[in-house]
$ cat model-v4.cif   # mmCIF, C-alpha atoms
data_coords
loop_
_atom_site.label_atom_id
_atom_site.label_comp_id
_atom_site.auth_asym_id
_atom_site.auth_seq_id
_atom_site.Cartn_x
_atom_site.Cartn_y
_atom_site.Cartn_z
CA MET P 1 -6.94 131.71 -197.21
CA ASN P 2 -9.97 133.74 -198.17
CA SER P 3 -12.91 131.42 -197.99
CA GLU P 4 -14.26 128.26 -196.46
CA ARG P 5 -14.17 126.64 -199.90
CA GLU P 6 -10.49 127.46 -200.33
CA MET P 7 -9.72 126.06 -196.88
CA ILE P 8 -11.57 122.83 -197.69
CA GLU P 9 -9.82 122.49 -201.04
CA LEU P 10 -6.43 122.85 -199.34
CA CYS P 11 -7.47 120.33 -196.69
CA LEU P 12 -8.35 117.92 -199.48
CA LYS P 13 -4.79 118.34 -200.75
CA ASN P 14 -3.61 117.33 -197.25
CA ASP P 15 -2.21 120.79 -196.52
CA VAL P 16 -1.29 120.71 -192.84
CA ARG P 17 -1.73 124.47 -192.31
CA ALA P 18 -5.24 124.43 -193.74
CA GLN P 19 -6.07 121.36 -191.67
CA GLU P 20 -4.86 123.11 -188.52
CA LEU P 21 -6.92 126.21 -189.34
CA PHE P 22 -9.95 124.05 -190.01
CA TYR P 23 -9.43 122.17 -186.75
CA ARG P 24 -8.96 125.31 -184.65
CA GLN P 25 -12.05 126.89 -186.16
CA TYR P 26 -14.34 124.06 -185.09
CA ALA P 27 -12.51 122.22 -182.28
CA GLY P 28 -14.08 124.23 -179.41
CA LYS P 29 -17.67 123.73 -180.57
CA MET P 30 -17.12 120.08 -181.39
CA PHE P 31 -15.38 119.39 -178.09
CA GLY P 32 -18.52 120.77 -176.43
CA VAL P 33 -20.56 118.20 -178.35
CA CYS P 34 -18.16 115.37 -177.48
CA LEU P 35 -18.15 116.28 -173.79
CA ARG P 36 -21.91 115.74 -173.67
CA TYR P 37 -21.64 112.28 -175.19
CA ALA P 38 -18.56 111.10 -173.31
CA GLY P 39 -18.35 109.71 -169.81
CA ASN P 40 -15.22 111.72 -169.04
CA PRO P 41 -12.99 114.37 -170.68
CA MET P 42 -10.41 111.81 -171.91
CA GLU P 43 -13.12 109.89 -173.71
CA ALA P 44 -14.34 113.17 -175.20
CA GLU P 45 -10.83 113.85 -176.52
CA ASP P 46 -10.79 110.43 -178.15
CA ILE P 47 -14.16 111.03 -179.80
CA LEU P 48 -13.06 114.49 -180.95
CA GLN P 49 -9.85 113.18 -182.50
CA GLU P 50 -11.56 110.26 -184.18
CA GLY P 51 -14.34 112.56 -185.36
CA PHE P 52 -11.87 114.96 -186.99
CA ILE P 53 -10.04 112.06 -188.64
CA ARG P 54 -13.35 110.93 -190.13
CA THR P 55 -14.13 114.51 -191.10
CA PHE P 56 -10.87 114.93 -193.02
CA LEU P 57 -11.18 111.51 -194.62
CA ASN P 58 -14.73 112.23 -195.79
CA LEU P 59 -14.33 115.90 -196.62
CA HIS P 60 -14.59 115.16 -200.33
CA HIS P 61 -18.22 114.15 -199.69
CA PHE P 62 -19.11 117.68 -198.51
CA ARG P 63 -21.08 119.33 -201.36
CA PHE P 64 -21.11 122.94 -200.07
CA GLU P 65 -24.90 122.75 -199.99
CA GLY P 66 -25.47 123.14 -196.25
CA SER P 67 -23.63 124.40 -193.22
CA LEU P 68 -20.14 122.98 -192.80
CA GLU P 69 -20.47 123.20 -189.03
CA GLY P 70 -23.66 121.14 -189.16
CA TRP P 71 -21.93 118.57 -191.34
CA ILE P 72 -18.97 118.28 -188.95
CA ARG P 73 -21.34 118.10 -186.01
CA ARG P 74 -23.18 115.17 -187.57
CA THR P 75 -19.84 113.42 -188.09
CA MET P 76 -18.99 113.98 -184.42
CA VAL P 77 -22.36 112.66 -183.27
CA ASN P 78 -21.98 109.59 -185.49
CA THR P 79 -18.50 109.03 -184.08
CA ALA P 80 -19.90 109.30 -180.56
CA ILE P 81 -22.63 106.79 -181.48
CA ASN P 82 -20.00 104.36 -182.80
CA HIS P 83 -18.09 104.86 -179.58
CA TYR P 84 -21.23 104.07 -177.64
CA LYS P 85 -21.81 100.90 -179.70
CA LYS P 86 -18.26 99.74 -179.02
CA GLN P 87 -18.71 100.37 -175.33
CA LEU P 88 -21.90 98.32 -175.26
CA LYS P 89 -19.82 95.25 -176.06
CA PHE P 90 -17.72 95.71 -172.94
CA GLN P 91 -20.01 97.13 -170.33
CA LYS P 92 -23.39 96.33 -168.99
CA GLU P 93 -25.79 99.18 -168.47
CA VAL P 94 -26.36 100.10 -164.88
CA GLU P 95 -29.98 100.36 -163.96
CA ILE P 96 -30.92 103.56 -162.26
CA ARG P 97 -33.66 103.65 -159.75
CA GLU P 98 -36.43 105.77 -161.07
CA ALA P 99 -37.31 108.87 -159.16
CA VAL P 100 -40.72 108.41 -157.69
CA THR P 101 -41.43 111.76 -156.24
CA PHE P 102 -40.36 115.22 -157.21
CA ALA P 103 -41.07 117.40 -154.28
CA THR P 104 -39.52 120.65 -155.22
CA ASN P 105 -39.62 122.99 -158.12
CA GLN P 106 -36.75 121.75 -160.28
CA GLU P 107 -36.61 124.95 -162.24
CA ASP P 108 -35.13 126.73 -159.24
CA VAL P 109 -32.34 124.21 -158.99
CA LEU P 110 -31.72 124.17 -162.74
CA SER P 111 -31.41 127.90 -162.98
CA LYS P 112 -28.72 127.92 -160.31
CA LEU P 113 -26.53 125.26 -161.92
CA SER P 114 -23.51 126.11 -164.04
CA THR P 115 -22.81 124.56 -167.43
CA GLU P 116 -20.06 122.41 -165.91
CA GLU P 117 -22.46 121.14 -163.26
CA LEU P 118 -25.07 120.29 -165.88
CA LEU P 119 -22.36 118.57 -167.88
CA GLY P 120 -21.45 116.60 -164.76
CA ILE P 121 -25.08 115.49 -164.42
CA ILE P 122 -25.12 114.27 -168.04
CA ARG P 123 -21.78 112.51 -167.61
CA GLU P 124 -23.07 110.60 -164.60
CA LEU P 125 -25.73 108.96 -166.75
CA PRO P 126 -25.03 105.47 -168.07
CA THR P 127 -23.76 105.60 -171.66
CA GLY P 128 -27.02 104.42 -173.22
CA TYR P 129 -29.22 106.93 -171.37
CA ARG P 130 -26.75 109.72 -172.06
CA THR P 131 -26.63 108.97 -175.78
CA VAL P 132 -30.41 108.80 -176.15
CA PHE P 133 -30.86 111.97 -174.07
CA ASN P 134 -28.36 113.89 -176.19
CA LEU P 135 -29.78 112.68 -179.48
CA TYR P 136 -33.36 113.51 -178.47
CA VAL P 137 -32.88 116.78 -176.60
CA MET P 138 -29.82 118.32 -178.24
CA GLU P 139 -29.85 116.93 -181.79
CA GLY P 140 -33.63 116.83 -182.13
CA TYR P 141 -33.91 113.27 -183.43
CA THR P 142 -37.18 111.40 -183.00
CA HIS P 143 -37.26 108.13 -181.04
CA LYS P 144 -37.77 106.28 -184.32
CA GLU P 145 -34.60 107.86 -185.76
CA ILE P 146 -32.67 107.19 -182.54
CA GLY P 147 -33.77 103.58 -182.66
CA ASP P 148 -32.43 103.28 -186.21
CA LEU P 149 -29.16 105.00 -185.32
CA LEU P 150 -28.44 102.91 -182.24
CA GLY P 151 -29.92 99.66 -183.44
CA ILE P 152 -32.62 99.59 -180.75
CA SER P 153 -36.40 99.73 -180.92
CA GLU P 154 -38.34 102.98 -180.75
CA ASN P 155 -39.85 101.91 -177.43
CA THR P 156 -36.43 101.15 -175.98
CA SER P 157 -35.32 104.64 -176.99
CA LYS P 158 -38.38 106.12 -175.28
CA SER P 159 -37.81 104.12 -172.14
CA GLN P 160 -34.10 104.99 -172.02
CA PHE P 161 -34.95 108.65 -172.46
CA SER P 162 -37.50 108.48 -169.68
CA ARG P 163 -34.99 106.83 -167.37
CA ALA P 164 -32.35 109.37 -168.31
CA ARG P 165 -34.70 112.19 -167.41
CA ASN P 166 -35.59 110.54 -164.11
CA ALA P 167 -31.92 110.06 -163.31
CA ILE P 168 -31.31 113.72 -164.02
CA MET P 169 -34.21 114.65 -161.74
CA ASN P 170 -32.78 112.42 -159.01
CA ASN P 171 -29.47 114.19 -159.29
CA LEU P 172 -31.15 117.58 -159.19
CA LEU P 173 -32.96 116.52 -156.01
CA LYS P 174 -29.70 115.49 -154.42
CA ILE P 175 -28.04 118.74 -155.39
CA ASN P 176 -30.99 120.68 -154.06
CA ALA P 177 -30.86 118.81 -150.76
CA VAL P 178 -27.14 119.42 -150.38
CA ARG P 179 -27.51 123.12 -151.13
CA LYS P 180 -30.34 123.50 -148.61
CA SER P 181 -28.28 121.83 -145.91
CA GLU P 182 -25.32 124.14 -146.52
CA PRO P 183 -25.11 127.03 -144.04
CA ILE P 184 -25.84 130.46 -145.47
CA ARG P 185 -22.73 132.58 -145.52
CA MET T 1 -43.69 115.18 -162.89
CA SER T 2 -45.78 117.28 -165.23
CA MET T 3 -45.24 117.62 -168.97
CA GLU T 4 -44.45 121.27 -168.42
CA GLU T 5 -41.66 120.42 -165.95
CA ASN T 6 -40.18 117.95 -168.44
CA HIS T 7 -40.13 120.53 -171.18
CA ASN T 8 -38.55 123.06 -168.86
CA ILE T 9 -35.71 120.68 -168.09
CA GLU T 10 -35.18 119.83 -171.75
CA ASN T 11 -35.31 123.47 -172.75
CA LYS T 12 -32.84 124.35 -170.04
CA PHE T 13 -30.36 121.79 -171.35
CA ARG T 14 -30.91 122.94 -174.92
CA GLU T 15 -30.41 126.54 -173.93
CA VAL T 16 -27.24 125.87 -171.94
CA PHE T 17 -25.57 123.56 -174.41
CA ALA T 18 -26.67 125.19 -177.67
CA GLY T 19 -23.63 127.44 -177.80
CA PHE T 20 -21.44 125.45 -175.46
CA GLU T 21 -17.78 125.51 -176.46
CA LYS T 22 -14.63 124.39 -174.75
CA ASP T 23 -11.11 124.35 -176.14
CA PRO T 24 -9.69 120.84 -176.19
CA PRO T 25 -6.14 120.22 -174.95
CA GLU T 26 -3.36 120.76 -177.49
CA ARG T 27 -2.53 117.04 -177.46
CA VAL T 28 -5.69 116.35 -179.49
CA TRP T 29 -4.37 118.40 -182.42
CA GLU T 30 -0.89 116.89 -182.02
CA GLY T 31 -2.37 113.39 -182.13
CA LEU T 32 -4.56 114.28 -185.09
CA LYS T 33 -1.59 115.77 -186.96
CA ASN T 34 0.41 112.61 -186.35
CA VAL T 35 -2.39 110.53 -187.81
CA LEU T 36 -2.85 112.77 -190.86
CA HIS T 37 0.89 113.29 -191.43
CA PRO T 38 2.72 110.34 -189.85
CA ALA T 39 6.46 110.79 -189.47
CA PRO T 40 8.51 108.10 -191.22
CA LYS T 41 9.28 105.38 -188.76
CA HIS T 42 12.79 104.06 -188.20
CA VAL T 43 12.18 100.72 -186.62
CA GLY T 44 15.23 99.21 -184.95
CA PHE T 45 15.99 95.52 -185.16
CA TRP T 46 14.75 94.55 -181.69
CA SER T 47 11.94 97.10 -181.52
CA GLY T 48 10.78 95.75 -184.89
CA LEU T 49 10.24 92.40 -183.23
CA THR T 50 8.21 93.79 -180.36
CA HIS T 51 6.31 96.68 -182.00
CA GLY T 52 3.61 96.85 -184.66
CA THR T 53 0.67 94.60 -185.24
CA ARG T 54 0.81 90.90 -184.40
CA HIS T 55 0.79 90.12 -188.13
CA MET T 56 3.77 92.41 -188.82
CA ARG T 57 5.72 90.91 -185.91
CA MET T 58 5.03 87.41 -187.22
CA VAL T 59 6.18 88.43 -190.72
CA ARG T 60 9.43 89.88 -189.31
CA ILE T 61 10.10 86.86 -187.09
CA SER T 62 9.35 84.48 -189.97
CA SER T 63 11.74 86.39 -192.25
CA ILE T 64 14.50 86.21 -189.65
CA ALA T 65 13.85 82.50 -189.08
CA ALA T 66 14.00 81.86 -192.85
CA MET T 67 17.27 83.80 -193.15
CA ALA T 68 18.75 81.89 -190.21
CA ALA T 69 17.73 78.58 -191.81
CA ILE T 70 19.38 79.59 -195.11
CA ILE T 71 22.58 80.63 -193.32
CA LEU T 72 22.65 77.34 -191.37
CA PHE T 73 22.12 75.40 -194.60
CA LEU T 74 24.94 77.28 -196.35
CA LEU T 75 27.23 76.64 -193.37
CA PHE T 76 26.34 72.95 -193.48
CA MET T 77 27.06 72.84 -197.21
CA TRP T 78 30.35 74.66 -196.72
CA PHE T 79 31.51 72.30 -194.01
CA SER T 80 30.33 69.31 -196.04
CA TYR T 81 31.71 70.26 -199.40
CA GLY T 82 33.98 73.19 -198.72
CA ASN T 83 37.13 71.05 -198.72
CA HIS T 84 36.03 68.99 -201.73
CA ARG T 85 37.95 69.33 -204.99
CA ILE T 86 37.52 68.95 -208.71
CA ILE T 87 39.29 66.49 -210.96
CA ARG T 88 39.11 67.42 -214.61
CA GLY T 89 41.01 66.64 -217.78
CA HIS T 90 40.90 65.08 -221.23
CA ALA T 91 40.87 61.54 -222.52
CA TYR T 92 43.12 60.80 -225.51
CA ALA T 93 42.93 58.03 -228.06
CA GLY T 94 46.42 58.18 -229.52
CA ASP T 95 47.11 61.73 -230.56
CA GLU T 96 43.41 62.58 -230.87
CA ARG T 97 40.99 63.42 -228.11
CA LEU T 98 38.46 60.71 -227.35
CA MET T 99 35.06 61.36 -228.95
CA ARG T 100 32.59 60.42 -226.22
CA GLY T 101 32.88 57.88 -223.47
CA THR T 102 32.56 57.52 -219.71
CA ALA T 103 35.06 58.23 -216.95
CA TYR T 104 34.84 56.30 -213.65
CA LEU T 105 36.49 57.37 -210.44
CA PHE T 106 37.25 54.68 -207.81
CA ARG T 107 38.16 55.49 -204.25
CA VAL T 108 40.99 53.47 -202.71
CA GLU T 109 39.94 52.74 -199.11
CA ASP T 110 42.84 50.69 -197.80
CA LYS T 111 46.29 52.13 -198.02
CA ALA T 112 47.82 48.71 -197.33
CA ARG T 113 45.83 46.98 -200.09
CA PRO T 114 45.19 49.79 -202.56
CA PHE T 115 44.07 47.69 -205.50
CA ASP T 116 41.90 45.23 -203.54
CA SER T 117 39.83 47.83 -201.79
CA VAL T 118 38.57 50.06 -204.59
CA ARG T 119 34.97 51.12 -204.65
CA HIS T 120 33.12 53.14 -207.25
CA TYR T 121 32.94 56.78 -206.23
CA LEU T 122 31.75 58.90 -209.17
CA SER T 123 31.01 58.70 -212.91
CA ALA T 124 31.30 61.43 -215.53
CA THR T 125 30.60 61.74 -219.25
CA VAL T 126 33.50 62.31 -221.61
CA ASP T 127 32.07 64.84 -224.09
CA GLU T 128 32.68 65.31 -227.82
CA LYS T 129 35.77 67.39 -227.02
CA GLY T 130 37.23 64.63 -224.86
CA SER T 131 36.68 66.55 -221.61
CA TYR T 132 35.47 65.12 -218.34
CA LYS T 133 34.99 66.59 -214.86
CA PHE T 134 34.36 65.18 -211.37
CA ILE T 135 33.13 67.69 -208.81
CA ASN T 136 32.89 67.39 -205.00
CA VAL T 137 35.73 64.91 -204.73
CA ALA T 138 36.71 64.37 -201.09
CA PRO T 139 40.42 64.28 -200.23
CA GLY T 140 41.94 60.79 -200.61
CA LYS T 141 43.40 58.34 -203.12
CA TYR T 142 41.65 57.43 -206.35
CA LEU T 143 41.95 55.35 -209.50
CA LEU T 144 40.57 56.64 -212.77
CA ARG T 145 39.23 54.52 -215.63
CA VAL T 146 37.96 55.72 -219.02
CA VAL T 147 35.74 53.58 -221.22
CA PRO T 148 35.22 54.72 -224.85
CA ASP T 149 31.65 54.81 -226.13
CA ALA T 150 30.92 51.80 -228.39
CA ALA T 151 29.15 54.09 -230.89
CA SER T 152 32.16 56.35 -231.28
CA GLY T 153 34.09 53.74 -233.33
CA ILE T 154 37.21 54.28 -231.26
CA SER T 155 36.40 51.28 -229.08
CA LYS T 156 37.53 49.06 -231.94
CA ASN T 157 41.03 50.50 -231.81
CA PHE T 158 41.41 51.45 -228.10
CA GLN T 159 40.69 49.54 -224.93
CA PRO T 160 39.03 50.78 -221.72
CA SER T 161 42.06 52.04 -219.77
CA TRP T 162 43.16 53.08 -216.28
CA PHE T 163 45.17 56.22 -215.61
CA ASP T 164 47.56 56.42 -217.20
CA GLN T 165 47.52 54.06 -220.22
CA ARG T 166 47.25 50.93 -218.07
CA GLU T 167 45.14 47.87 -218.83
CA GLY T 168 44.47 46.77 -215.22
CA PRO T 169 43.97 48.48 -211.84
CA GLU T 170 47.03 46.82 -210.37
CA GLU T 171 49.23 48.78 -212.79
CA ALA T 172 47.23 52.03 -212.56
CA HIS T 173 48.66 55.18 -211.06
CA LEU T 174 47.09 56.52 -207.87
CA ILE T 175 45.64 60.02 -207.96
CA HIS T 176 46.08 61.90 -204.66
CA VAL T 177 43.42 64.51 -203.97
CA GLY T 178 44.49 67.02 -201.34
CA SER T 179 43.89 70.72 -200.96
CA GLU T 180 43.89 71.65 -204.67
CA ASP T 181 41.88 70.86 -207.78
CA LEU T 182 43.63 68.48 -210.20
CA PHE T 183 44.01 68.34 -213.94
CA VAL T 184 44.48 64.74 -215.11
CA ASP T 185 44.76 63.62 -218.77
CA VAL T 186 44.10 59.95 -219.50
CA HIS T 187 45.58 58.12 -222.49
CA LEU T 188 43.80 55.03 -223.68
CA VAL T 189 45.66 51.77 -224.27
CA PRO T 190 45.75 50.90 -228.03
CA GLY T 191 43.86 47.80 -229.12
CA ARG T 192 45.67 44.68 -230.23
CA ASN T 193 44.72 45.27 -233.84
CA ILE T 194 46.53 48.59 -233.96
CA PRO T 195 49.95 48.26 -235.41
CA PRO T 196 52.74 49.64 -233.21
CA ARG T 197 54.50 52.73 -234.48
#

$ encode --input "model-v4.cif" --output "structure tokens"
Amino acid sequence: MNSEREMIELCLKNDVRAQELFYRQYAGKMFGVCLRYAGNPMEAEDILQEGFIRTFLNLHHFRFEGSLEGWIRRTMVNTAINHYKKQLKFQKEVEIREAVTFATNQEDVLSKLSTEELLGIIRELPTGYRTVFNLYVMEGYTHKEIGDLLGISENTSKSQFSRARNAIMNNLLKINAVRKSEPIR
Amino acid sequence: MSMEENHNIENKFREVFAGFEKDPPERVWEGLKNVLHPAPKHVGFWSGLTHGTRHMRMVRISSIAAMAAIILFLLFMWFSYGNHRIIRGHAYAGDERLMRGTAYLFRVEDKARPFDSVRHYLSATVDEKGSYKFINVAPGKYLLRVVPDAASGISKNFQPSWFDQREGPEEAHLIHVGSEDLFVDVHLVPGRNIPPR
């Protein structure tokens, strides 16, 4: 298989080898995306699988005009949004107490955290906050666009984002406090 | 919290997750492959009743119920009519076959008074070839009477007759229906205006 176009054409013919190659080429990056939107790794696996199913089913819509990775990423994000909408039917958002004071320099804490720890902080957010935070910070959508995507108002998106950020700050404070109390080895 | 602090946090997340990759477990690909290329399913009888969508289960159960109803109906019919027989034959007017008429079968209920206890059981048309047929005749004793059709012209020369060539039921021969189909020819009694041979 010489090119991306050839791989896509074989995928469109339902060639399992091409589909596997396609999947393995993008699975790692897309799983990273899904992990940010999901509440736990199992949920991320579900979103990833569903996202790839949608990708293969809609591959004939890809016009080779932009980046394939970007196109797949948008499909994954849309799948995650659908997942979020389904979840809204079954769970009630948990209100998070807003952080009132931020005593320390958060940058110090942030710079010491690993990717997994940051991922853990995102995962701890309620689904709605997490989705808005991801769409605004990572995908670069405006609050107006997020409102349209999630079926909420622009102001709700802003408020959810603000609460998400406060929740993250709260968690950073807690982590900072725990680290300070740990004995120096 | 200052605007600058907010932007620092957002930038930190962007920076960390921009190139973030993690290999998913192999089961994700296996599941995906199964969805894209499902293996043909061999659904067993009982698992077919408990697996699949609710609609599919209902369709299967309904099909089985319909088949069971048909089998029960066929069994009922077999027990009801399985031991029933056919009486068939021809009606003759002299040496010729009777051209149209009606055959009547009477069941004899009382063995002690055979000719006082007859009751009509079945009727059949005698066709243009002189043939008649009674189907689904239960085992027992019967009397058979053939009446020529008035339009056939034969009724002028031959009388309605009992099997075989008898004018009245008292003289008629009994037909015994048992375990086999019967072939019975009926000869009509000549009319009074027909000169004897």

$ closest_atom_pairs --input "model-v4.cif" --of "chain P" --to "chain T" --cutoff "9 Å" --atoms "all atoms listed in the file" --output "tab-separated table"
residue	atom	partner	partner_atom	distance
P:Asn14	CA	T:Leu36	CA	7.9
P:Val16	CA	T:Lys33	CA	7.7
P:Gln19	CA	T:Lys33	CA	8.6
P:Glu20	CA	T:Trp29	CA	7.7
P:Tyr23	CA	T:Trp29	CA	7.7
P:Arg24	CA	T:Trp29	CA	8.6
P:Ala27	CA	T:Asp23	CA	6.6
P:Gly28	CA	T:Asp23	CA	4.4
P:Lys29	CA	T:Glu21	CA	4.5
P:Met30	CA	T:Glu21	CA	7.4
P:Phe31	CA	T:Lys22	CA	6.1
P:Gly32	CA	T:Glu21	CA	4.8
P:Val33	CA	T:Phe20	CA	7.9
P:Leu35	CA	T:Lys22	CA	8.9
P:Arg36	CA	T:Phe17	CA	8.7
P:Glu45	CA	T:Val28	CA	6.4
P:Asp46	CA	T:Val28	CA	7.9
P:Leu48	CA	T:Val28	CA	7.7
P:Gln49	CA	T:Leu32	CA	6.0
P:Glu50	CA	T:Leu32	CA	8.1
P:Phe52	CA	T:Leu32	CA	7.6
P:Ile53	CA	T:Leu32	CA	6.9
P:Phe56	CA	T:Leu36	CA	8.6
P:Thr101	CA	T:Met1	CA	7.8
P:Phe102	CA	T:Met1	CA	6.6
P:Asn105	CA	T:Glu5	CA	8.5
P:Gln106	CA	T:Glu5	CA	7.6
P:Glu107	CA	T:Asn8	CA	7.2
P:Leu110	CA	T:Lys12	CA	7.4
P:Ser111	CA	T:Lys12	CA	8.0
P:Ser114	CA	T:Val16	CA	8.7
P:Thr115	CA	T:Val16	CA	6.5
P:Leu118	CA	T:Phe13	CA	7.8
P:Leu119	CA	T:Phe17	CA	8.8
P:Val137	CA	T:Glu10	CA	6.2
P:Met138	CA	T:Arg14	CA	5.8
P:Arg165	CA	T:Asn6	CA	8.0
P:Met169	CA	T:Ile9	CA	8.9

$ resolve_selection --input "model-v4.cif" --expression "the PyMOL selection byres ((chain P and resi 11) around 10)" --output "list in words"
Arg5, Glu6, Met7, Ile8, Glu9, Leu10, Leu12, Lys13, Asn14, Asp15, Val16, Arg17, Ala18, Gln19, Glu20, Leu21, Phe22, Phe56, Leu57, Leu59 and His60 of chain P

$ write_last_selection --input "model-v4.cif" --atoms "C-alpha atoms" --output "CSV table (one decimal), in the frame of the given file"
chain,number,residue,atom,x,y,z
P,5,ARG,CA,-14.2,126.6,-199.9
P,6,GLU,CA,-10.5,127.5,-200.3
P,7,MET,CA,-9.7,126.1,-196.9
P,8,ILE,CA,-11.6,122.8,-197.7
P,9,GLU,CA,-9.8,122.5,-201.0
P,10,LEU,CA,-6.4,122.8,-199.3
P,12,LEU,CA,-8.4,117.9,-199.5
P,13,LYS,CA,-4.8,118.3,-200.8
P,14,ASN,CA,-3.6,117.3,-197.2
P,15,ASP,CA,-2.2,120.8,-196.5
P,16,VAL,CA,-1.3,120.7,-192.8
P,17,ARG,CA,-1.7,124.5,-192.3
P,18,ALA,CA,-5.2,124.4,-193.7
P,19,GLN,CA,-6.1,121.4,-191.7
P,20,GLU,CA,-4.9,123.1,-188.5
P,21,LEU,CA,-6.9,126.2,-189.3
P,22,PHE,CA,-10.0,124.0,-190.0
P,56,PHE,CA,-10.9,114.9,-193.0
P,57,LEU,CA,-11.2,111.5,-194.6
P,59,LEU,CA,-14.3,115.9,-196.6
P,60,HIS,CA,-14.6,115.2,-200.3

$ resolve_selection --input "model-v4.cif" --expression "the PyMOL selection byres ((chain T and resi 126) around 10)" --output "PDB file with C-alpha atoms, in the coordinates of the input"
ATOM      1  CA  GLY T  89      41.010  66.640-217.780  1.00  0.00           C
ATOM      2  CA  HIS T  90      40.900  65.080-221.230  1.00  0.00           C
ATOM      3  CA  ALA T  91      40.870  61.540-222.520  1.00  0.00           C
ATOM      4  CA  ARG T  97      40.990  63.420-228.110  1.00  0.00           C
ATOM      5  CA  LEU T  98      38.460  60.710-227.350  1.00  0.00           C
ATOM      6  CA  MET T  99      35.060  61.360-228.950  1.00  0.00           C
ATOM      7  CA  ARG T 100      32.590  60.420-226.220  1.00  0.00           C
ATOM      8  CA  GLY T 101      32.880  57.880-223.470  1.00  0.00           C
ATOM      9  CA  THR T 102      32.560  57.520-219.710  1.00  0.00           C
ATOM     10  CA  ALA T 103      35.060  58.230-216.950  1.00  0.00           C
ATOM     11  CA  SER T 123      31.010  58.700-212.910  1.00  0.00           C
ATOM     12  CA  ALA T 124      31.300  61.430-215.530  1.00  0.00           C
ATOM     13  CA  THR T 125      30.600  61.740-219.250  1.00  0.00           C
ATOM     14  CA  ASP T 127      32.070  64.840-224.090  1.00  0.00           C
ATOM     15  CA  GLU T 128      32.680  65.310-227.820  1.00  0.00           C
ATOM     16  CA  LYS T 129      35.770  67.390-227.020  1.00  0.00           C
ATOM     17  CA  GLY T 130      37.230  64.630-224.860  1.00  0.00           C
ATOM     18  CA  SER T 131      36.680  66.550-221.610  1.00  0.00           C
ATOM     19  CA  TYR T 132      35.470  65.120-218.340  1.00  0.00           C
ATOM     20  CA  LYS T 133      34.990  66.590-214.860  1.00  0.00           C
ATOM     21  CA  VAL T 146      37.960  55.720-219.020  1.00  0.00           C
ATOM     22  CA  VAL T 147      35.740  53.580-221.220  1.00  0.00           C
ATOM     23  CA  PRO T 148      35.220  54.720-224.850  1.00  0.00           C
ATOM     24  CA  ASP T 149      31.650  54.810-226.130  1.00  0.00           C
TER      25      ASP T 149
END

$ residues_around --input "model-v4.cif" --residues "stretch 145-157 of chain P" --least-positions-apart "2" --cutoff "8 Å" --atoms "only C-alpha atoms" --output "ChimeraX atom specification"
/P:81,85,132,135-136,141-143,159-161

$ write_last_selection --input "model-v4.cif" --atoms "C-alpha atoms" --output "CSV table (one decimal), in the frame of the given file"
chain,number,residue,atom,x,y,z
P,81,ILE,CA,-22.6,106.8,-181.5
P,85,LYS,CA,-21.8,100.9,-179.7
P,132,VAL,CA,-30.4,108.8,-176.2
P,135,LEU,CA,-29.8,112.7,-179.5
P,136,TYR,CA,-33.4,113.5,-178.5
P,141,TYR,CA,-33.9,113.3,-183.4
P,142,THR,CA,-37.2,111.4,-183.0
P,143,HIS,CA,-37.3,108.1,-181.0
P,159,SER,CA,-37.8,104.1,-172.1
P,160,GLN,CA,-34.1,105.0,-172.0
P,161,PHE,CA,-35.0,108.6,-172.5

$ atom_distance --input "model-v4.cif" --atom1 "atom CA of T:Gly178" --atom2 "atom CA of T:Ala93"
28.2 Å

$ atom_distance --input "model-v4.cif" --atom1 "atom CA of T:Ser161" --atom2 "atom CA of T:His187"
7.5 Å

$ closest_residue --input "model-v4.cif" --among "T:His84, T:His173, T:Arg60, T:Arg107" --to "T:His120" --atoms "all atoms listed in the file"
T:Arg107

$ atom_distance --input "model-v4.cif" --atom1 "atom CA of T:Leu143" --atom2 "atom CA of T:Lys156"
23.7 Å

$ axis_aligned_box --input "model-v4.cif" --around "stretch 33-39 of chain T" --padding-each-side "5 Å" --output "JSON"
{"center_x": 1.8, "center_y": 113.1, "center_z": -188.9, "size_x": 19.3, "size_y": 15.4, "size_z": 15.1}

$ resolve_selection --input "model-v4.cif" --expression "the PyMOL selection byres ((chain T and resi 167) around 12)" --output "JSON, numbers by chain"
{"T": [144, 145, 146, 147, 158, 159, 160, 161, 162, 163, 164, 165, 166, 168, 169, 170, 171, 172, 173, 187, 188, 189, 190, 191, 192]}

$ residues_around --input "model-v4.cif" --residues "P:Gly51" --least-positions-apart "5" --cutoff "9 Å" --atoms "only C-alpha atoms" --output "VMD selection string"
chain P and resid 30 46 56 72 to 73 75 to 80

$ residues_around --input "model-v4.cif" --residues "T:Lys141" --least-positions-apart "4" --cutoff "9 Å" --atoms "only C-alpha atoms" --output "ChimeraX atom specification"
/T:106-109,111,114,174-178

$ write_last_selection --input "model-v4.cif" --atoms "C-alpha atoms" --output "PDB file, keeping the file's coordinate frame"
ATOM      1  CA  PHE T 106      37.250  54.680-207.810  1.00  0.00           C
ATOM      2  CA  ARG T 107      38.160  55.490-204.250  1.00  0.00           C
ATOM      3  CA  VAL T 108      40.990  53.470-202.710  1.00  0.00           C
ATOM      4  CA  GLU T 109      39.940  52.740-199.110  1.00  0.00           C
ATOM      5  CA  LYS T 111      46.290  52.130-198.020  1.00  0.00           C
ATOM      6  CA  PRO T 114      45.190  49.790-202.560  1.00  0.00           C
ATOM      7  CA  LEU T 174      47.090  56.520-207.870  1.00  0.00           C
ATOM      8  CA  ILE T 175      45.640  60.020-207.960  1.00  0.00           C
ATOM      9  CA  HIS T 176      46.080  61.900-204.660  1.00  0.00           C
ATOM     10  CA  VAL T 177      43.420  64.510-203.970  1.00  0.00           C
ATOM     11  CA  GLY T 178      44.490  67.020-201.340  1.00  0.00           C
TER      12      GLY T 178
END
